[in-house]
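J.: One structure coming up, written as structure tokens, with questions to follow.
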Amino acid sequence: MVEDILKRKQKQDRFHTPLLREKQLAHGCFPYLSYPLLEQTGIVKHCFTTRMGGVSAGIFESLNLSFSRGDEKAAVEENFRRISELLGCQYDNFVLSDQTHTTNVRRVGRDDAGKGLVRARDYTDVDGLITDEPGIVLSTFYADCVPLYFVDVKKRAIGLSHSGWRGTVGRMGQETLDAMRREFGTQPEDVVCAIGPSICQDCYEVSQDVAEEFIQEFAGHEPDILIAKGNGKYQLDLWRANKIVLLEAGIKQEHLSVTDICTCCNSNVLFSHRASHGKRGNLGAFLSLKAK
């Protein structure tokens with residue numbers, strides 16, 4: 001069981017954590033991570049993948065979900081089919097982001113089904129996706145950056161966003177909620193959120209210029225998110241920074257789950273850009289609204 005080799009960080013302020021689950025699929029047992037808080041809403045399907053359970057080989061072993069890093073196209077397609085089976089969704093209902101470390105959020109729907117997987121995207125520079133249409137599978141990708149899940153239980157709308165350091169300092173969580181408010185009338189107090197597996201503070205060293213952006217944007221929170229190491233180097237806590245963003249945006253603390261799983265600490269189980277020096281595949285975050 002992979003849980004036996006999964007290293008977890010012990011955070012005193014963590015609220016809930018992702019659980020490792022396994023599901024028997026046609027090809028065998030498939031491990032994935034999910035959040036009880038999101039499951040308890042009863043209106044969504046979701047998961048965060050590990051690097052296990054797929055068919056890719058070499059540095060992409062085995063559940064790589066990137067078409068752009070040199071893996072065989074047929075292998076990535078089969079990996080997506082396994083996610084489709086896991087979620088019980090149609091293969092052509094995935095809508096893939098086009099991540100370039102922006103804070104751009106796009107509303108997608110039935111007309112966007114399959115974009116990035118079975119047909120070309122007609123959008124670029126999109127790091128966040130939102131929808132209120134059941135069956136559409138929002139899809140974003142990771143190898144250390146932070147996944148953000150949003151479920152509006154009253155308006156029955158969802159969002160999924162990619163937040164690296166640039167997205168975090170740009171308050172991607174706030175931008176996603178603002179987009180959901182404009183499009184669906186979402187109120188933050190009605191939203192259940194999760195901060196997904198990503199690189200932890202112990203593993204994430206940044207330079208002075210990056211630290212200064214966080215010092216300016218998160219004034220008053222510097223001791224919470226930055227540890228100075230000297231020589232212009234800092235350890236940055238993206239988990240805590242994103243938590244601050246979401247709470248300040250109006251998310252209730254009881255509606256927020258924060259990861260305790262670091263991609264870099266668990267590079268045998270999860271893809272990590274930093275641990276692999278860029279020789280890796282991509283993990284995936286997926287979120288879909290159930291039909292009423």
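Chain identifiers are assigned as A, B, and so on, following the order in which chains appear in the structure tokens; residues are numbered from 1 within each chain, and ligands are numbered from 1 in order of appearance.
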Each residue of region 68-87 of chain A lying at most 12 Å from region 32-47 of chain A should get a row with its shortest atom-to-atom pair and the distance in Å to one decimal, counting only C-alpha atoms; could you produce that, ordered by chain and increasing number, as JSON lines?

T.:
```
{"residue": "A:Arg82", "atom": "CA", "partner": "A:Tyr32", "partner_atom": "CA", "distance": 11.3}
{"residue": "A:Ile83", "atom": "CA", "partner": "A:Cys47", "partner_atom": "CA", "distance": 8.9}
{"residue": "A:Ser84", "atom": "CA", "partner": "A:Cys47", "partner_atom": "CA", "distance": 11.0}
{"residue": "A:Leu86", "atom": "CA", "partner": "A:Cys47", "partner_atom": "CA", "distance": 8.9}
{"residue": "A:Leu87", "atom": "CA", "partner": "A:Lys45", "partner_atom": "CA", "distance": 6.5}
```

J.: Just want the 9 Å neighbourhood of region 102-104 of chain A, counted on only C-alpha atoms, with same-chain residues fewer than 5 positions away dropped. Output as a ChimeraX atom specification.

T.: /A:125-129,161-163,166-168,170-173,175-176

J.: Write a file of the just-selected residues containing C-alpha atoms, as a CSV table (one decimal), in the first residue's frame.

T.:
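Saved the output as result27.csv:
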```csv
chain,number,residue,atom,x,y,z
A,125,ASP,CA,-2.6,31.5,-20.9
A,126,VAL,CA,-5.3,30.0,-18.7
A,127,ASP,CA,-4.3,28.8,-15.2
A,128,GLY,CA,-7.8,28.7,-13.7
A,129,LEU,CA,-11.1,27.0,-14.9
A,161,SER,CA,-6.7,26.7,-10.3
A,162,HIS,CA,-3.0,26.3,-10.7
A,163,SER,CA,-1.0,28.6,-8.3
A,166,ARG,CA,3.7,33.8,-9.3
A,167,GLY,CA,0.1,32.8,-9.0
A,168,THR,CA,0.2,32.9,-5.3
A,170,GLY,CA,-0.9,37.4,-7.6
A,171,ARG,CA,-3.6,35.9,-5.3
A,172,MET,CA,-4.9,33.3,-7.7
A,173,GLY,CA,-7.4,32.1,-5.0
A,175,GLU,CA,-9.0,35.8,-8.7
A,176,THR,CA,-10.8,32.5,-9.0
```

J.: Considering only C-alpha atoms, state which residue in the set A:Val192, A:Cys264, A:Val76, A:Ala57 is at the smallest distance from Ile251 (chain A).

T.: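 Residue with the minimum atom-to-atom distance to Ile251 (chain A): A:Val192.
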
J.: Give me the residues near Leu63 (chain A) as a ChimeraX atom specification, where near means some atom within 12 Å (using only C-alpha atoms) and where sequence neighbours in that chain fewer than 3 positions away do not count.

T.: /A:30-32,48-60,66-67,71-72,75-83,269-271,280-284

J.: Restrict the selected residues to N, CA, C and O atoms and save them as a compact mmCIF listing (two decimals), in the first residue's frame.

T.:
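Result file follows (part-v9.txt):
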```
# COMPACT_ATOMS: atom_id res chain seq x y z
N PHE A 30 -5.93 1.23 -8.66
CA PHE A 30 -5.51 2.57 -9.05
C PHE A 30 -5.48 3.48 -7.82
O PHE A 30 -6.52 3.76 -7.22
N PRO A 31 -4.30 3.98 -7.41
CA PRO A 31 -4.21 4.87 -6.25
C PRO A 31 -4.43 6.33 -6.64
O PRO A 31 -4.02 6.77 -7.72
N TYR A 32 -5.08 7.09 -5.77
CA TYR A 32 -5.31 8.50 -6.01
C TYR A 32 -5.54 9.19 -4.66
O TYR A 32 -5.81 8.54 -3.65
N PHE A 48 -6.71 13.94 -7.02
CA PHE A 48 -5.36 14.40 -7.35
C PHE A 48 -4.55 13.14 -7.58
O PHE A 48 -4.54 12.24 -6.74
N THR A 49 -3.88 13.05 -8.71
CA THR A 49 -3.21 11.81 -9.08
C THR A 49 -1.85 11.66 -8.40
O THR A 49 -1.23 12.64 -7.98
N THR A 50 -1.41 10.42 -8.32
CA THR A 50 -0.03 10.11 -7.97
C THR A 50 0.71 9.82 -9.29
O THR A 50 0.15 9.99 -10.37
N ARG A 51 1.95 9.38 -9.21
CA ARG A 51 2.64 9.00 -10.43
C ARG A 51 2.49 7.51 -10.72
O ARG A 51 3.16 6.97 -11.60
N MET A 52 1.58 6.85 -10.02
CA MET A 52 1.38 5.41 -10.17
C MET A 52 0.05 5.10 -10.83
O MET A 52 -0.88 5.90 -10.76
N GLY A 53 -0.01 3.94 -11.48
CA GLY A 53 -1.26 3.47 -12.05
C GLY A 53 -1.39 3.67 -13.54
O GLY A 53 -2.43 3.36 -14.12
N GLY A 54 -0.34 4.19 -14.20
CA GLY A 54 -0.42 4.46 -15.63
C GLY A 54 0.47 3.55 -16.46
O GLY A 54 0.94 2.51 -15.99
N VAL A 55 0.74 3.97 -17.70
CA VAL A 55 1.48 3.13 -18.64
C VAL A 55 2.74 3.82 -19.19
O VAL A 55 3.46 3.22 -19.98
N SER A 56 3.02 5.04 -18.79
CA SER A 56 4.21 5.73 -19.28
C SER A 56 5.47 5.10 -18.69
O SER A 56 5.43 4.46 -17.63
N ALA A 57 6.59 5.31 -19.39
CA ALA A 57 7.85 4.66 -18.99
C ALA A 57 8.95 5.69 -18.78
O ALA A 57 8.81 6.87 -19.10
N GLY A 58 10.08 5.22 -18.24
CA GLY A 58 11.25 6.07 -18.04
C GLY A 58 10.99 7.15 -17.02
O GLY A 58 10.40 6.91 -15.97
N ILE A 59 11.42 8.37 -17.32
CA ILE A 59 11.24 9.46 -16.37
C ILE A 59 9.77 9.82 -16.19
O ILE A 59 9.42 10.53 -15.25
N PHE A 60 8.90 9.32 -17.06
CA PHE A 60 7.47 9.62 -17.00
C PHE A 60 6.68 8.55 -16.24
O PHE A 60 5.46 8.65 -16.14
N SER A 66 1.11 14.81 -19.11
CA SER A 66 1.55 15.91 -19.96
C SER A 66 1.85 15.41 -21.37
O SER A 66 2.57 14.42 -21.55
N PHE A 67 1.31 16.12 -22.36
CA PHE A 67 1.60 15.82 -23.77
C PHE A 67 2.83 16.57 -24.26
O PHE A 67 3.28 16.34 -25.39
N ASP A 71 6.80 12.57 -23.65
CA ASP A 71 6.23 11.23 -23.50
C ASP A 71 5.48 10.82 -24.78
O ASP A 71 5.11 11.67 -25.60
N GLU A 72 5.25 9.52 -24.92
CA GLU A 72 4.49 9.03 -26.07
C GLU A 72 3.02 9.45 -25.94
O GLU A 72 2.39 9.26 -24.89
N ALA A 75 0.55 6.81 -24.76
CA ALA A 75 0.64 6.50 -23.33
C ALA A 75 -0.13 7.54 -22.51
O ALA A 75 -0.86 7.18 -21.58
N VAL A 76 0.03 8.81 -22.84
CA VAL A 76 -0.68 9.86 -22.10
C VAL A 76 -2.19 9.71 -22.30
O VAL A 76 -2.97 9.86 -21.36
N GLU A 77 -2.60 9.40 -23.51
CA GLU A 77 -4.03 9.20 -23.77
C GLU A 77 -4.59 8.06 -22.94
O GLU A 77 -5.69 8.16 -22.39
N GLU A 78 -3.84 6.97 -22.84
CA GLU A 78 -4.29 5.85 -22.01
C GLU A 78 -4.36 6.26 -20.54
O GLU A 78 -5.29 5.86 -19.82
N ASN A 79 -3.41 7.06 -20.10
CA ASN A 79 -3.46 7.54 -18.72
C ASN A 79 -4.72 8.36 -18.46
O ASN A 79 -5.35 8.23 -17.40
N PHE A 80 -5.10 9.19 -19.42
CA PHE A 80 -6.35 9.95 -19.27
C PHE A 80 -7.56 9.02 -19.28
O PHE A 80 -8.54 9.28 -18.57
N ARG A 81 -7.52 7.96 -20.05
CA ARG A 81 -8.64 7.01 -20.04
C ARG A 81 -8.82 6.41 -18.66
O ARG A 81 -9.95 6.15 -18.22
N ARG A 82 -7.72 6.17 -17.96
CA ARG A 82 -7.81 5.60 -16.62
C ARG A 82 -8.39 6.62 -15.62
O ARG A 82 -9.15 6.23 -14.73
N ILE A 83 -8.05 7.88 -15.79
CA ILE A 83 -8.68 8.91 -14.96
C ILE A 83 -10.17 8.98 -15.27
O ILE A 83 -11.00 9.12 -14.36
N VAL A 269 6.63 8.96 -5.25
CA VAL A 269 5.19 8.73 -5.37
C VAL A 269 4.52 9.81 -6.23
O VAL A 269 3.52 9.56 -6.90
N LEU A 270 5.10 11.03 -6.21
CA LEU A 270 4.53 12.18 -6.91
C LEU A 270 5.61 12.84 -7.77
O LEU A 270 6.78 12.84 -7.40
N PHE A 271 5.23 13.39 -8.91
CA PHE A 271 6.20 14.10 -9.74
C PHE A 271 6.59 15.41 -9.06
O PHE A 271 5.74 16.15 -8.57
N ARG A 280 10.73 14.88 -15.60
CA ARG A 280 9.54 14.32 -14.95
C ARG A 280 8.31 14.49 -15.83
O ARG A 280 8.33 15.18 -16.84
N GLY A 281 7.23 13.86 -15.38
CA GLY A 281 5.93 14.06 -15.99
C GLY A 281 5.11 15.02 -15.17
O GLY A 281 5.64 15.76 -14.34
N ASN A 282 3.80 15.03 -15.41
CA ASN A 282 2.89 15.91 -14.68
C ASN A 282 1.84 15.11 -13.93
O ASN A 282 1.30 14.12 -14.45
N LEU A 283 1.53 15.57 -12.74
CA LEU A 283 0.37 15.10 -11.99
C LEU A 283 -0.85 15.89 -12.45
O LEU A 283 -0.72 16.92 -13.11
N GLY A 284 -2.04 15.41 -12.08
CA GLY A 284 -3.25 16.12 -12.47
C GLY A 284 -4.20 16.31 -11.31
O GLY A 284 -4.33 15.45 -10.43
```

J.: Between A:Ser97, A:Gln208, A:Asn242, A:Thr263, which residue has the minimum interatomic distance to Trp165 (chain A), considering only C-alpha atoms?

T.: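 The answer is A:Asn242, which sits nearest to Trp165 (chain A).
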
J.: Measuring between only C-alpha atoms, which one of A:Phe150, A:Phe94, A:Phe218, A:Tyr204 shows the shortest distance to Cys262 (chain A)?

T.: A:Tyr204
